[in-house]
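Q: Below is the file structure.txt, with compact mmCIF, C-alpha atoms (C1' of nucleotides) and all ligand atoms.
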```txt
# COMPACT_ATOMS: atom_id res chain seq x y z
CA MET A 1 -14.03 119.22 -52.76
CA THR A 2 -16.06 122.32 -53.54
CA SER A 3 -13.08 124.59 -53.91
CA THR A 4 -11.97 125.15 -57.53
CA ASP A 5 -13.89 128.35 -58.18
CA PRO A 6 -12.26 129.91 -61.25
CA GLY A 7 -13.62 133.39 -60.74
CA PRO A 8 -16.00 134.78 -58.09
CA LEU A 9 -17.31 137.91 -59.85
CA ARG A 10 -19.01 139.85 -57.09
CA PRO A 11 -22.23 141.66 -58.00
CA THR A 12 -21.33 145.25 -57.24
CA ARG A 13 -23.20 148.47 -57.88
CA GLN A 14 -20.99 149.22 -60.87
CA ARG A 15 -21.40 145.83 -62.46
CA ARG A 16 -25.14 145.96 -61.97
CA ALA A 17 -25.20 149.40 -63.56
CA VAL A 18 -23.30 148.20 -66.62
CA VAL A 19 -25.54 145.18 -67.05
CA GLY A 20 -28.41 147.57 -66.60
CA VAL A 21 -27.59 149.89 -69.50
CA LEU A 22 -26.74 146.93 -71.68
CA GLY A 23 -30.45 146.22 -71.61
CA THR A 24 -31.43 149.67 -72.81
CA PHE A 25 -30.20 149.44 -76.39
CA ALA A 26 -30.31 146.83 -79.11
CA ASP A 27 -27.34 147.75 -81.24
CA PHE A 28 -23.62 147.51 -80.69
CA ARG A 29 -21.98 150.23 -78.58
CA SER A 30 -18.40 150.94 -77.63
CA ALA A 31 -17.14 150.89 -74.06
CA GLN A 32 -16.91 154.66 -74.15
CA ASP A 33 -20.48 155.00 -75.41
CA ILE A 34 -21.63 152.80 -72.58
CA HIS A 35 -19.65 154.83 -70.11
CA GLU A 36 -21.37 157.97 -71.32
CA LEU A 37 -24.77 156.34 -71.07
CA LEU A 38 -24.00 155.45 -67.46
CA THR A 39 -22.75 158.92 -66.66
CA SER A 40 -25.70 160.71 -68.22
CA ALA A 41 -27.96 158.34 -66.32
CA GLY A 42 -26.45 159.51 -63.07
CA GLU A 43 -24.50 156.31 -62.43
CA LYS A 44 -20.92 157.05 -61.44
CA VAL A 45 -18.71 154.31 -62.82
CA GLY A 46 -15.10 154.71 -63.82
CA LEU A 47 -14.17 154.20 -67.44
CA ALA A 48 -11.62 151.55 -66.55
CA THR A 49 -14.29 149.66 -64.67
CA VAL A 50 -16.58 149.75 -67.67
CA TYR A 51 -13.81 148.28 -69.77
CA ARG A 52 -13.07 145.61 -67.18
CA THR A 53 -16.71 144.70 -66.71
CA LEU A 54 -17.43 144.48 -70.41
CA ALA A 55 -14.37 142.32 -70.91
CA ALA A 56 -15.48 140.04 -68.10
CA LEU A 57 -19.02 139.79 -69.44
CA ALA A 58 -17.77 139.10 -72.93
CA ASP A 59 -15.43 136.51 -71.53
CA ALA A 60 -18.31 134.85 -69.74
CA GLY A 61 -20.35 134.88 -72.92
CA GLU A 62 -22.91 137.25 -71.41
CA VAL A 63 -22.47 139.80 -74.17
CA ASP A 64 -21.35 139.69 -77.79
CA VAL A 65 -18.35 141.69 -78.90
CA LEU A 66 -17.24 142.58 -82.36
CA ARG A 67 -14.99 145.14 -83.97
CA ASN A 68 -16.43 147.96 -86.00
CA GLU A 69 -14.55 148.99 -89.11
CA ASP A 70 -12.40 151.36 -87.09
CA GLY A 71 -11.20 148.46 -85.01
CA GLU A 72 -13.01 149.55 -81.87
CA ALA A 73 -14.64 146.86 -79.76
CA VAL A 74 -18.41 147.20 -79.56
CA TYR A 75 -20.73 145.31 -77.24
CA ARG A 76 -24.30 144.11 -77.20
CA SER A 77 -26.43 142.04 -74.88
CA CYS A 78 -27.65 139.09 -76.93
CA SER A 79 -29.58 135.85 -76.65
CA ASP A 80 -27.69 132.91 -75.20
CA SER A 81 -27.72 130.65 -78.21
CA HIS A 82 -25.05 130.84 -80.86
CA HIS A 83 -25.98 133.32 -83.58
CA HIS A 84 -24.64 135.97 -85.93
CA HIS A 85 -25.61 139.52 -86.82
CA LEU A 86 -27.12 141.45 -89.64
CA VAL A 87 -26.09 145.02 -89.01
CA CYS A 88 -27.15 148.25 -90.71
CA ARG A 89 -24.06 150.08 -91.84
CA SER A 90 -25.84 153.38 -91.44
CA CYS A 91 -27.88 153.32 -88.23
CA GLY A 92 -26.48 150.28 -86.51
CA ALA A 93 -29.79 148.46 -86.27
CA THR A 94 -29.00 144.85 -85.50
CA VAL A 95 -30.83 141.60 -86.18
CA GLU A 96 -29.73 138.29 -84.73
CA VAL A 97 -29.69 135.52 -87.30
CA GLU A 98 -29.04 131.80 -87.20
CA GLY A 99 -27.82 129.50 -89.90
CA PRO A 100 -27.41 125.84 -89.02
CA ALA A 101 -26.11 125.18 -92.50
CA VAL A 102 -23.32 127.70 -92.08
CA GLU A 103 -22.36 126.22 -88.75
CA ARG A 104 -22.15 122.82 -90.36
CA TRP A 105 -20.18 124.19 -93.26
CA THR A 106 -17.52 125.88 -91.17
CA ARG A 107 -17.07 122.74 -89.13
CA ALA A 108 -16.73 120.62 -92.25
CA ILE A 109 -14.24 122.96 -93.91
CA ALA A 110 -12.09 123.08 -90.82
CA GLU A 111 -12.13 119.34 -90.39
CA GLN A 112 -11.32 118.88 -94.06
CA HIS A 113 -8.08 120.75 -93.48
CA GLY A 114 -7.27 119.04 -90.22
CA PHE A 115 -8.00 122.05 -88.05
CA THR A 116 -9.30 121.42 -84.54
CA ASP A 117 -10.72 123.52 -81.75
CA VAL A 118 -12.66 125.51 -84.34
CA SER A 119 -14.55 128.76 -83.90
CA HIS A 120 -15.66 131.43 -86.33
CA THR A 121 -16.89 134.94 -86.78
CA LEU A 122 -19.52 136.00 -89.28
CA GLU A 123 -21.27 139.32 -89.68
CA ILE A 124 -23.47 140.60 -92.44
CA PHE A 125 -23.57 144.33 -93.19
CA GLY A 126 -26.05 146.26 -95.24
CA THR A 127 -28.46 149.15 -95.33
CA CYS A 128 -31.77 148.60 -93.59
CA THR A 129 -35.12 149.65 -95.05
CA ALA A 130 -35.36 152.67 -92.80
CA CYS A 131 -32.01 153.96 -94.01
CA SER A 132 -32.55 153.08 -97.67
CA GLY A 133 -35.14 155.81 -97.95
CA SER A 134 -33.07 158.77 -96.81
CA SER A 135 -31.08 159.58 -99.95
CA MET B 136 -15.83 160.81 -121.54
CA THR B 137 -12.51 159.52 -120.34
CA SER B 138 -12.14 161.92 -117.48
CA THR B 139 -13.43 160.66 -114.12
CA ASP B 140 -10.21 159.16 -112.80
CA PRO B 141 -10.81 158.56 -109.10
CA GLY B 142 -7.19 158.11 -108.12
CA PRO B 143 -3.95 157.95 -110.13
CA LEU B 144 -1.75 155.79 -107.86
CA ARG B 145 1.75 156.23 -109.21
CA PRO B 146 4.03 153.15 -109.15
CA THR B 147 6.87 154.34 -106.95
CA ARG B 148 9.82 152.48 -105.47
CA GLN B 149 8.11 152.33 -102.08
CA ARG B 150 4.86 151.00 -103.43
CA ARG B 151 6.67 148.40 -105.47
CA ALA B 152 8.61 147.35 -102.40
CA VAL B 153 5.46 146.89 -100.33
CA VAL B 154 3.77 144.86 -103.04
CA GLY B 155 7.01 142.93 -103.23
CA VAL B 156 7.10 141.76 -99.62
CA LEU B 157 3.41 141.02 -99.71
CA GLY B 158 4.33 138.20 -101.99
CA THR B 159 6.84 136.68 -99.61
CA PHE B 160 4.47 135.38 -96.95
CA ALA B 161 1.17 133.55 -96.94
CA ASP B 162 -0.32 134.52 -93.61
CA PHE B 163 -1.72 137.77 -92.30
CA ARG B 164 0.78 140.38 -91.11
CA SER B 165 0.36 143.78 -89.51
CA ALA B 166 1.56 147.00 -91.11
CA GLN B 167 4.38 147.14 -88.58
CA ASP B 168 5.43 143.58 -89.34
CA ILE B 169 5.53 144.45 -93.02
CA HIS B 170 7.54 147.55 -92.28
CA GLU B 171 10.09 145.47 -90.42
CA LEU B 172 10.27 142.98 -93.26
CA LEU B 173 11.01 145.83 -95.64
CA THR B 174 13.62 147.31 -93.36
CA SER B 175 15.43 144.06 -92.75
CA ALA B 176 15.36 143.48 -96.50
CA GLY B 177 17.26 146.70 -97.02
CA GLU B 178 14.30 148.59 -98.44
CA LYS B 179 13.96 151.99 -96.84
CA VAL B 180 10.27 152.86 -96.61
CA GLY B 181 8.68 155.05 -93.98
CA LEU B 182 6.18 153.48 -91.63
CA ALA B 183 3.53 156.01 -92.57
CA THR B 184 4.00 155.14 -96.20
CA VAL B 185 3.55 151.46 -95.45
CA TYR B 186 0.28 152.27 -93.72
CA ARG B 187 -0.85 154.48 -96.57
CA THR B 188 0.10 151.95 -99.22
CA LEU B 189 -1.58 149.05 -97.47
CA ALA B 190 -4.71 151.10 -96.99
CA ALA B 191 -4.72 151.99 -100.68
CA LEU B 192 -4.15 148.40 -101.75
CA ALA B 193 -6.87 147.16 -99.43
CA ASP B 194 -9.15 149.84 -100.75
CA ALA B 195 -8.45 148.74 -104.28
CA GLY B 196 -9.13 145.14 -103.32
CA GLU B 197 -5.54 144.14 -104.04
CA VAL B 198 -5.06 142.73 -100.55
CA ASP B 199 -7.30 141.29 -97.87
CA VAL B 200 -7.49 142.94 -94.48
CA LEU B 201 -8.91 141.64 -91.27
CA ARG B 202 -8.59 142.39 -87.60
CA ASN B 203 -6.80 140.02 -85.29
CA GLU B 204 -8.27 139.50 -81.85
CA ASP B 205 -6.29 142.45 -80.54
CA GLY B 206 -8.02 144.68 -83.03
CA GLU B 207 -4.93 145.28 -85.14
CA ALA B 208 -5.35 145.34 -88.90
CA VAL B 209 -3.48 142.55 -90.66
CA TYR B 210 -2.92 142.18 -94.39
CA ARG B 211 -2.42 139.42 -96.91
CA SER B 212 -2.06 139.20 -100.65
CA CYS B 213 -4.86 136.92 -101.84
CA SER B 214 -6.47 135.57 -104.96
CA ASP B 215 -8.83 137.89 -106.76
CA SER B 216 -12.04 135.95 -106.33
CA HIS B 217 -14.23 136.38 -103.29
CA HIS B 218 -13.25 133.98 -100.52
CA HIS B 219 -12.83 133.58 -96.79
CA HIS B 220 -10.09 132.29 -94.51
CA LEU B 221 -9.34 129.37 -92.28
CA VAL B 222 -6.65 130.62 -89.92
CA CYS B 223 -4.53 128.77 -87.39
CA ARG B 224 -4.87 130.52 -84.09
CA SER B 225 -1.38 129.41 -83.11
CA CYS B 226 0.93 129.80 -86.12
CA GLY B 227 -1.20 131.96 -88.38
CA ALA B 228 -1.19 129.50 -91.28
CA THR B 229 -3.96 130.57 -93.62
CA VAL B 230 -6.08 128.67 -96.11
CA GLU B 231 -8.41 130.40 -98.53
CA VAL B 232 -11.82 128.77 -98.67
CA GLU B 233 -14.92 129.31 -100.74
CA GLY B 234 -18.52 128.53 -99.94
CA PRO B 235 -21.11 129.35 -102.57
CA ALA B 236 -23.81 128.17 -100.20
CA VAL B 237 -22.76 130.64 -97.55
CA GLU B 238 -22.69 133.47 -100.07
CA ARG B 239 -26.20 132.57 -101.09
CA TRP B 240 -27.33 132.30 -97.50
CA THR B 241 -26.07 135.71 -96.45
CA ARG B 242 -27.70 137.32 -99.45
CA ALA B 243 -30.99 135.60 -98.70
CA ILE B 244 -30.95 136.51 -95.02
CA ALA B 245 -30.23 140.14 -95.78
CA GLU B 246 -32.91 140.32 -98.43
CA GLN B 247 -35.38 138.66 -96.08
CA HIS B 248 -34.93 141.57 -93.69
CA GLY B 249 -35.02 144.21 -96.38
CA PHE B 250 -31.33 145.03 -96.19
CA THR B 251 -29.61 146.21 -99.35
CA ASP B 252 -26.04 146.86 -100.44
CA VAL B 253 -24.98 143.78 -98.54
CA SER B 254 -21.48 142.62 -97.66
CA HIS B 255 -20.12 140.25 -95.07
CA THR B 256 -17.11 139.06 -93.16
CA LEU B 257 -16.44 135.46 -92.24
CA GLU B 258 -13.36 133.89 -90.77
CA ILE B 259 -12.79 130.45 -89.34
CA PHE B 260 -10.22 129.96 -86.60
CA GLY B 261 -8.73 126.76 -85.32
CA THR B 262 -5.53 124.87 -84.61
CA CYS B 263 -3.79 123.37 -87.64
CA THR B 264 -2.37 119.87 -87.69
CA ALA B 265 1.20 121.11 -87.29
CA CYS B 266 0.28 123.00 -84.14
CA SER B 267 -1.94 120.26 -82.70
CA GLY B 268 1.08 118.10 -82.09
CA SER B 269 3.14 120.49 -80.00
CA SER B 270 1.61 120.09 -76.54
C1' DC C 271 14.78 171.34 -118.74
C1' DT C 272 10.56 173.08 -116.02
C1' DG C 273 6.52 172.84 -113.37
C1' DC C 274 3.41 170.65 -110.67
C1' DA C 275 0.38 167.15 -108.61
C1' DG C 276 1.19 163.15 -106.34
C1' DT C 277 4.36 161.13 -102.71
C1' DT C 278 7.29 160.58 -98.94
C1' DG C 279 9.15 160.57 -94.18
C1' DA C 280 10.38 162.31 -89.62
C1' DC C 281 7.78 163.51 -85.95
C1' DA C 282 3.75 165.13 -83.48
C1' DA C 283 -0.90 164.10 -82.28
C1' DT C 284 -4.81 161.22 -81.46
C1' DG C 285 -7.43 157.92 -79.21
C1' DA C 286 -8.76 153.44 -77.58
C1' DT C 287 -7.36 150.26 -74.20
C1' DT C 288 -4.49 148.72 -70.35
C1' DC C 289 -1.76 149.35 -66.23
C1' DT C 290 -0.80 151.02 -61.43
C1' DC C 291 -1.78 151.07 -56.91
C1' DA C 292 -3.75 153.09 -52.90
C1' DA C 293 -8.39 153.46 -51.11
C1' DC C 294 -12.86 151.03 -50.81
C1' DT C 295 -16.53 147.30 -50.20
C1' DG C 296 -19.03 143.20 -49.49
C1' DA C 297 -19.33 138.95 -47.42
C1' DT C 298 -17.95 136.33 -43.51
C1' DT C 299 -16.65 135.25 -38.78
C1' DG C 300 -16.62 135.77 -33.74
C1' DC D 301 -21.44 145.22 -34.26
C1' DA D 302 -16.42 145.14 -35.35
C1' DA D 303 -12.51 143.03 -37.40
C1' DT D 304 -10.72 140.88 -41.63
C1' DC D 305 -9.44 140.13 -46.29
C1' DA D 306 -9.93 139.04 -51.13
C1' DG D 307 -12.05 141.11 -54.79
C1' DT D 308 -13.01 145.73 -56.77
C1' DT D 309 -12.70 150.49 -58.03
C1' DG D 310 -11.02 154.94 -60.07
C1' DA D 311 -7.89 158.73 -61.28
C1' DG D 312 -4.36 159.24 -63.96
C1' DA D 313 -0.20 157.52 -66.27
C1' DA D 314 1.43 154.53 -69.76
C1' DT D 315 0.94 151.85 -74.21
C1' DC D 316 0.72 151.55 -78.79
C1' DA D 317 -1.48 151.26 -83.34
C1' DT D 318 -2.83 154.48 -86.56
C1' DT D 319 -3.36 159.10 -88.55
C1' DG D 320 -2.17 163.99 -89.34
C1' DT D 321 1.37 167.63 -90.56
C1' DC D 322 4.12 169.75 -93.77
C1' DA D 323 8.37 170.76 -96.00
C1' DA D 324 11.29 168.31 -99.18
C1' DC D 325 11.24 165.07 -103.13
C1' DT D 326 10.07 162.80 -107.65
C1' DG D 327 7.71 160.91 -111.66
C1' DC D 328 5.92 162.58 -115.79
C1' DA D 329 3.86 165.86 -119.30
C1' DG D 330 4.87 169.86 -122.02
ZN ZN E 1 -25.35 138.63 -80.70
ZN ZN E 2 -21.88 130.54 -86.16
ZN ZN E 3 -7.99 136.34 -98.67
ZN ZN E 4 -18.24 135.50 -98.71
```
Kindly transcribe the structure held in the file into structure tokens.

A:
Amino acid sequence: MTSTDPGPLRPTRQRRAVVGVLGTFADFRSAQDIHELLTSAGEKVGLATVYRTLAALADAGEVDVLRNEDGEAVYRSCSDSHHHHLVCRSCGATVEVEGPAVERWTRAIAEQHGFTDVSHTLEIFGTCTACSGSS
Amino acid sequence: MTSTDPGPLRPTRQRRAVVGVLGTFADFRSAQDIHELLTSAGEKVGLATVYRTLAALADAGEVDVLRNEDGEAVYRSCSDSHHHHLVCRSCGATVEVEGPAVERWTRAIAEQHGFTDVSHTLEIFGTCTACSGSS
DNA sequence: CTGCAGTTGACAATGATTCTCAACTGATTG
DNA sequence: CAATCAGTTGAGAATCATTGTCAACTGCAG
């Protein structure tokens, strides 16, 4: 049987547009920011659709999501492999980082306490060189 | 000079009450949850005050704050030393964990990229033994 | 006791995210 | 090409956590 398709996900103009802008910036942006980018680029996409699309992409692992300190969800198109982020608190510049040791550590800690089905979140914040200068 | 007092912070009935309930649970709770706990305990404290107090405590490092997956801020009274959390996705049970190696790693990574004034967030999620059983 | 800066609380205001639901669209079939 | 239908969209309403307002209140110093 070739039936059990969990979710089709049709490639529509709107979805293509969202994926499109996601490639035009390297930092994390909110759904509203992305909606504005689309609008000012001439692409007409409803705000609700932007939210839905981003949620779907995040769900599919196509984009990374995290919460800024105000609790808003921000998105970024990242590499496929598992990684974390080093983010500039001032300008938002983002660097993807990997740490096999950390991955191992989290797994060990969880196992040590009998936790299963483990996942984790890890972000590093700081001030990048460019922003250090401007007093 | 004994002048530069950033913020007084007077010990009022309300503030004592909030600190009080914070000691009655070991997992992370939202401001609203805490407000309900206070109310059902007979303590009359306004919701806005609970928010303000929690924000102040968090600011002073007296409590830990983090965002649940819905983006809501949740609070917990923790030990003073720097640590992270292993949280059960199902029941919320929380374990404080420490990882000197991770602390070192984040600092190194940040330095490597020229970032200064570094901080980080790290949480581990999973299903605890108690919750693994219940299918 | 008085005076005042710090606090409080009822309620309004904000703002991100989700919901509703009728109109639309893309692939598929004949 | 036209009919068909599940998936999709968008305008606007609805949610809901969190913050702002501001007059009344309350520790504490003089
Ligand atoms: Zn990423
Ligand atoms: Zn990781
Ligand atoms: Zn803690
Ligand atoms: Zn740490």

Q: Between atom C1' of DT277 of chain C and atom CA of Gln167 of chain B, what is the spacing in Å?

A: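 Computing it gives 19.9 Å between the two atoms.
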
Q: With distances taken over only C-alpha atoms (C1' of nucleotides), which of A:Asp64, A:Asp27, A:Asp33, A:Glu72 is nearest to chain C?

A: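 Of A:Asp64, A:Asp27, A:Asp33, A:Glu72, the one nearest chain C is A:Glu72, counting only C-alpha atoms (C1' of nucleotides).
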
Q: Can you tell me which residues come within 6 Å of ligand ZN 3 (chain E) when counting all atoms listed in the file, ideally as a PyMOL selection string?

A: chain B and resi 199+213+219+231

Q: For chain A versus ligand ZN 1 (chain E), which residues have an atom no more than 9 Å away, and what is each residue's nearest atom pair and distance in Å rounded to one decimal, using all atoms listed in the file, chain-then-number order, as a Markdown table?

A:
```
| residue | atom | partner | partner_atom | distance |
| --- | --- | --- | --- | --- |
| A:Val63 | CA | E:ZN1 | ZN | 7.2 |
| A:Asp64 | CA | E:ZN1 | ZN | 5.1 |
| A:Val65 | CA | E:ZN1 | ZN | 7.8 |
| A:Tyr75 | CA | E:ZN1 | ZN | 8.8 |
| A:Arg76 | CA | E:ZN1 | ZN | 6.6 |
| A:Ser77 | CA | E:ZN1 | ZN | 6.8 |
| A:Cys78 | CA | E:ZN1 | ZN | 4.4 |
| A:Ser79 | CA | E:ZN1 | ZN | 6.5 |
| A:Asp80 | CA | E:ZN1 | ZN | 8.3 |
| A:Ser81 | CA | E:ZN1 | ZN | 8.7 |
| A:His82 | CA | E:ZN1 | ZN | 7.8 |
| A:His83 | CA | E:ZN1 | ZN | 6.1 |
| A:His84 | CA | E:ZN1 | ZN | 5.9 |
| A:His85 | CA | E:ZN1 | ZN | 6.2 |
| A:Thr94 | CA | E:ZN1 | ZN | 8.7 |
| A:Val95 | CA | E:ZN1 | ZN | 8.3 |
| A:Glu96 | CA | E:ZN1 | ZN | 6.0 |
| A:Val97 | CA | E:ZN1 | ZN | 8.5 |
```

Q: Please find the residues of chain D near chain B - the criterion being any atom within 10 Å, counting only C-alpha atoms (C1' of nucleotides) - and write them as a PDB file with C-alpha atoms (C1' of nucleotides), in the frame of the given file.

A:
```
ATOM      1  C1'  DA D 317      -1.480 151.260 -83.340  1.00  0.00           C
ATOM      2  C1'  DT D 318      -2.830 154.480 -86.560  1.00  0.00           C
ATOM      3  C1'  DT D 319      -3.360 159.100 -88.550  1.00  0.00           C
ATOM      4  C1'  DT D 326      10.070 162.800-107.650  1.00  0.00           C
ATOM      5  C1'  DG D 327       7.710 160.910-111.660  1.00  0.00           C
TER       6       DG D 327
END
```

Q: I need the contact residues of chain C against chain B, so if you could list those with any atom within 8 Å, counting all atoms listed in the file, and return them as a PyMOL selection string, that would help.

A: chain C and resi 276+278-279

Q: Calculated over all atoms listed in the file, which of the candidates B:Ala245, B:Cys226, B:Ala161, B:Val156 has the smallest distance to chain A?

A: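 Counting all atoms listed in the file, the residue closest to chain A is B:Ala245.
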
Q: Would you list which chain B residues are within 10 Å of chain A using only C-alpha atoms, as a ChimeraX atom specification?

A: /B:201-208,220-224,230,232-234,236-238,240-242,244-246,248-267

Q: Give me the residues near DA329 of chain D as a PyMOL selection string, where near means some atom within 12 Å (using only C-alpha atoms (C1' of nucleotides)) and where sequence neighbours in that chain fewer than 5 positions away do not count.

A: chain C and resi 272-275

Q: Could you work out an axis-aligned box for segment 307-315 of chain D, taking every atom the file lists and adding 4 Å on each side, and report centre and edge lengths in Å to one decimal, as JSON?

A:
```
{"center_x": -5.8, "center_y": 150.2, "center_z": -64.5, "size_x": 22.4, "size_y": 26.1, "size_z": 27.4}
```

Q: Which protein, DNA or RNA residues have an atom at most 12 Å from (-6.2, 159.1, -76.8), counting all atoms listed in the file? List them as a PyMOL selection string.

A: (chain A and resi 32) or (chain C and resi 283-287) or (chain D and resi 314-318)

Q: For a test of reading the model, state the distance in Å between atom CA of Leu22 of chain A and atom C1' of DT290 of chain C, rounded to one decimal.

A: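 So the answer is 28.2 Å.
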
Q: Between atom CA of Arg150 of chain B and atom C1' of DA280 of chain C, what is the distance in Å, rounded to a tenth?

A: 18.7 Å

Q: Generate a file for segment 155-179 of chain B, containing C-alpha atoms, as a PDB file, in the first residue's frame.

A:
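Contents of selection13.pdb, as written:
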```pdb
ATOM      1  CA  GLY B 155       6.266  31.675  50.095  1.00  0.00           C
ATOM      2  CA  VAL B 156       4.438  29.695  47.422  1.00  0.00           C
ATOM      3  CA  LEU B 157       7.568  29.511  45.333  1.00  0.00           C
ATOM      4  CA  GLY B 158       8.847  27.199  47.986  1.00  0.00           C
ATOM      5  CA  THR B 159       5.894  24.842  47.782  1.00  0.00           C
ATOM      6  CA  PHE B 160       6.574  23.296  44.387  1.00  0.00           C
ATOM      7  CA  ALA B 161       9.609  21.985  42.571  1.00  0.00           C
ATOM      8  CA  ASP B 162       8.645  22.343  38.942  1.00  0.00           C
ATOM      9  CA  PHE B 163       8.183  25.363  36.721  1.00  0.00           C
ATOM     10  CA  ARG B 164       4.901  27.261  37.025  1.00  0.00           C
ATOM     11  CA  SER B 165       3.470  30.217  35.149  1.00  0.00           C
ATOM     12  CA  ALA B 166       2.640  33.524  36.801  1.00  0.00           C
ATOM     13  CA  GLN B 167      -1.039  32.682  36.494  1.00  0.00           C
ATOM     14  CA  ASP B 168      -0.549  29.284  38.105  1.00  0.00           C
ATOM     15  CA  ILE B 169       1.242  30.964  40.977  1.00  0.00           C
ATOM     16  CA  HIS B 170      -1.523  33.505  41.286  1.00  0.00           C
ATOM     17  CA  GLU B 171      -4.054  30.724  41.579  1.00  0.00           C
ATOM     18  CA  LEU B 172      -1.969  28.961  44.192  1.00  0.00           C
ATOM     19  CA  LEU B 173      -1.908  32.155  46.217  1.00  0.00           C
ATOM     20  CA  THR B 174      -5.619  32.695  45.839  1.00  0.00           C
ATOM     21  CA  SER B 175      -6.574  29.175  46.799  1.00  0.00           C
ATOM     22  CA  ALA B 176      -4.249  29.499  49.774  1.00  0.00           C
ATOM     23  CA  GLY B 177      -6.238  32.454  50.993  1.00  0.00           C
ATOM     24  CA  GLU B 178      -3.586  35.009  50.132  1.00  0.00           C
ATOM     25  CA  LYS B 179      -5.068  37.961  48.307  1.00  0.00           C
TER      26      LYS B 179
END
```
